[in-house]
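Asks: Shown below is the structure under consideration.
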Amino acid sequence: MTLRFAALGSGSKGNCLVAEAGATRVLLDCGLSPRETERRLAKLGLAPADLAGILVTHEHDDHAGQAYAFAAQHGLPVWLTWGTQAALAENGKPPGAVETRTIHGRGAFAVGDLEVLPYTVPHDAREPVQFVLSDGAFRLGVLTDIGASTAHVEATLSSCDALVLECNHDVDMIWGGEYPKWLKERITGPFGHLSNVQAERLLGALERSKLKHVIAAHLSAQNNRPELAREALARAMGCAPGWIGMSTQEEGFAWRELK
Ligand SMILES: [Zn+2]
Ligand SMILES: [Zn+2]
């Protein structure tokens, strides 16, 4: 079997990744408008009818904001934790006619040919999770929206074959920048987002020998630059910065393959 993955977009204006094993494809998060999601799927050669459903990490708009709307338009189920469902409902986003499937922060489940492992992360949402996706042979680890690494995260992401990893901000850029103090404290705090340095340390703490793809994601437009994120992850990998992939807000990244 082959595990393929690509991103439709990554960053605070909307996140969406697509993964495929065998005949099964899922979206991971849905923060772009339904129309934009459809347009970017078409660029990857896919239509909404090719999808088995949507996995959602947490209720923040850039991840879950359009999940129910897109699911309702195309008759797709949405997998998300009870806490994420509750937070969405309280924020005025009930599922309506969308079929929700409740997941928990541990224990793998199957979606067709895809094996899905949710895992818990510290982030300022109700019950956030991130995911490892597998075709049974290869493992893709996805990690964005985490304030600080944990032993559980590092154990879960060790020995992955591919990794999409948050590099949200450069510490000097955010503290020297224009954001209000409370927002700087939220983003850099233990339930906020990962800096380049934190991402470098996290990657350095993993078992990395199988990694064939490492992609920097969820970069802040104001508080980071792609070359800084690439250099940080390249230091942890001992590779050239150009080898590190980049998931952008406007384009995401093109198909990558493990086989
Ligand atoms: Zn986010
Ligand atoms: Zn978030």
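In the structure tokens, the first chain shown is A, the next is B, and so on; residue numbers restart at 1 for each chain, and ligands run from 1 in the order shown.
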Please run DSSP on the backbone and report, as a PyMOL selection string, all residues within region 42-236 of chain A that come out as strand (DSSP E or B).

Replies: chain A and resi 53-55+78-81+100-103+109-111+114-120+129-134+139-143+162-166+169+195+213-217

Asks: Can you tell me which residues come within 7 Å of ligand 2 when counting only C-alpha atoms and all ligand atoms, ideally as a VMD selection string?

Replies: chain A and resid 58 60 123 to 125 145

Asks: For Pro128 (chain A), find every residue with an atom within 8 Å (counting only C-alpha atoms), except residues of its own chain fewer than 5 positions away, and show them as a list in words.

Replies: Thr57, His58, Glu59, Thr81, Gly83, Thr84, Thr120, Val121, Pro122 and His123 of chain A

Asks: Please produce a file of those selected residues containing N, CA, C and O atoms, as an mmCIF file, in the first residue's frame.

Replies:
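Writing the result to out_21.cif gives the following:
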data_model
loop_
_atom_site.group_PDB
_atom_site.id
_atom_site.type_symbol
_atom_site.label_atom_id
_atom_site.label_comp_id
_atom_site.auth_asym_id
_atom_site.auth_seq_id
_atom_site.Cartn_x
_atom_site.Cartn_y
_atom_site.Cartn_z
ATOM 1 N N THR A 57 -8.998 18.405 14.747
ATOM 2 C CA THR A 57 -8.102 18.396 15.907
ATOM 3 C C THR A 57 -8.681 19.148 17.105
ATOM 4 O O THR A 57 -8.565 18.706 18.234
ATOM 5 N N HIS A 58 -9.281 20.334 16.848
ATOM 6 C CA HIS A 58 -9.828 21.143 17.940
ATOM 7 C C HIS A 58 -10.687 22.258 17.365
ATOM 8 O O HIS A 58 -10.720 22.454 16.148
ATOM 9 N N GLU A 59 -11.401 22.987 18.248
ATOM 10 C CA GLU A 59 -12.470 23.874 17.807
ATOM 11 C C GLU A 59 -12.020 25.206 17.220
ATOM 12 O O GLU A 59 -12.846 25.955 16.695
ATOM 13 N N THR A 81 -13.402 15.075 19.119
ATOM 14 C CA THR A 81 -13.604 14.722 20.534
ATOM 15 C C THR A 81 -14.906 15.327 21.034
ATOM 16 O O THR A 81 -15.454 16.273 20.456
ATOM 17 N N GLY A 83 -15.166 17.121 23.693
ATOM 18 C CA GLY A 83 -14.870 18.494 24.081
ATOM 19 C C GLY A 83 -14.919 19.442 22.890
ATOM 20 O O GLY A 83 -15.428 20.566 22.997
ATOM 21 N N THR A 84 -14.400 19.007 21.755
ATOM 22 C CA THR A 84 -14.439 19.848 20.544
ATOM 23 C C THR A 84 -15.880 20.056 20.091
ATOM 24 O O THR A 84 -16.277 21.171 19.735
ATOM 25 N N THR A 120 -3.191 13.213 22.635
ATOM 26 C CA THR A 120 -3.494 14.465 23.339
ATOM 27 C C THR A 120 -2.310 15.422 23.314
ATOM 28 O O THR A 120 -1.147 15.005 23.305
ATOM 29 N N VAL A 121 -2.633 16.717 23.305
ATOM 30 C CA VAL A 121 -1.611 17.769 23.292
ATOM 31 C C VAL A 121 -2.044 18.917 24.203
ATOM 32 O O VAL A 121 -3.237 19.160 24.370
ATOM 33 N N PRO A 122 -1.073 19.648 24.813
ATOM 34 C CA PRO A 122 -1.428 20.849 25.569
ATOM 35 C C PRO A 122 -1.633 22.051 24.645
ATOM 36 O O PRO A 122 -0.711 22.485 23.960
ATOM 37 N N HIS A 123 -2.879 22.550 24.601
ATOM 38 C CA HIS A 123 -3.229 23.701 23.766
ATOM 39 C C HIS A 123 -4.492 24.309 24.375
ATOM 40 O O HIS A 123 -5.262 23.585 25.009
#

Asks: Neighbouring residues of region 157-171 of chain A were defined as those with any atom within 7 Å, considering only C-alpha atoms; residues of the same chain fewer than 5 positions away were excluded. Please report them as a ChimeraX atom specification.

Replies: /A:138-145,193-196,199,206-220,223-224,229

Asks: Hey, which of A:Gly105, A:Pro48, A:Gly136, A:Gly147 ends up closest to ligand 1? Count only C-alpha atoms and all ligand atoms.

Replies: A:Gly147

Asks: Just give me the gap between CA of Val26 (chain A) and CA of Gly53 (chain A) in Å, one decimal is fine.

Replies: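 Interatomic distance, CA of Val26 (chain A) to CA of Gly53 (chain A): 5.3 Å.
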
Asks: Taking only C-alpha atoms into account, name the residue in A:Val78, A:Leu117, A:Ala108, A:Ala137 that is nearest to Lys259 (chain A).

Replies: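 Ranking A:Val78, A:Leu117, A:Ala108, A:Ala137 by distance to Lys259 (chain A), first place goes to A:Ala137.
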
Asks: Quick one: residues within 6 Å of region 7-21 of chain A, only C-alpha atoms, excluding same-chain residues fewer than 4 positions away - as a ChimeraX atom specification?

Replies: /A:2-3,25-32,40,62-63,113-114,135,218-219,247-253

Asks: Take the residues that were just selected and, keeping C-alpha atoms, output them as a compact mmCIF listing (two decimals), in the first residue's frame.

Replies:
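Now in selection.txt:
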# COMPACT_ATOMS: atom_id res chain seq x y z
CA THR A 2 1.01 3.63 -0.44
CA LEU A 3 0.48 6.46 1.99
CA ARG A 25 -8.95 9.66 1.71
CA VAL A 26 -9.68 11.97 4.63
CA LEU A 27 -9.32 15.65 5.34
CA LEU A 28 -7.47 16.54 8.52
CA ASP A 29 -9.01 19.83 9.70
CA CYS A 30 -11.16 22.13 7.59
CA GLY A 31 -10.46 25.81 8.17
CA LEU A 32 -10.74 27.09 4.59
CA ARG A 40 -7.65 23.34 -3.75
CA ASP A 62 -8.54 27.90 11.56
CA HIS A 63 -9.05 24.12 12.06
CA ASP A 113 -7.75 1.64 4.65
CA LEU A 114 -6.42 4.40 6.94
CA ASP A 135 -1.59 2.66 6.00
CA HIS A 218 1.45 26.68 10.72
CA LEU A 219 4.02 29.48 10.32
CA SER A 247 3.41 24.09 4.16
CA THR A 248 2.17 27.56 3.22
CA GLN A 249 -1.07 29.43 3.86
CA GLU A 250 -1.86 29.94 0.19
CA GLU A 251 -0.67 26.65 -1.31
CA GLY A 252 -0.11 24.10 1.46
CA PHE A 253 2.22 21.56 -0.14

Asks: Find the residue from A:Val116, A:Ala49, A:Met246, A:Ile146 that sits nearest to ligand 1; use only C-alpha atoms and all ligand atoms when measuring.

Replies: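 Closest candidate: A:Ile146.
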
Asks: Have a look at A:Val132, A:Ile103, A:Ala23, A:Ala64 and name the one nearest to ligand 1; count only C-alpha atoms and all ligand atoms.

Replies: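 With only C-alpha atoms and all ligand atoms as the atom set, the closest residue is A:Ala64.
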
Asks: Quick check for you: according to DSSP on this backbone, which residues of region 37-235 of chain A are classed as helix (DSSP H, G or I)? Reply as a ChimeraX atom specification.

Replies: /A:37-43,48-50,61-64,67-74,82-90,151-157,171-175,181-188,196-205,226-235
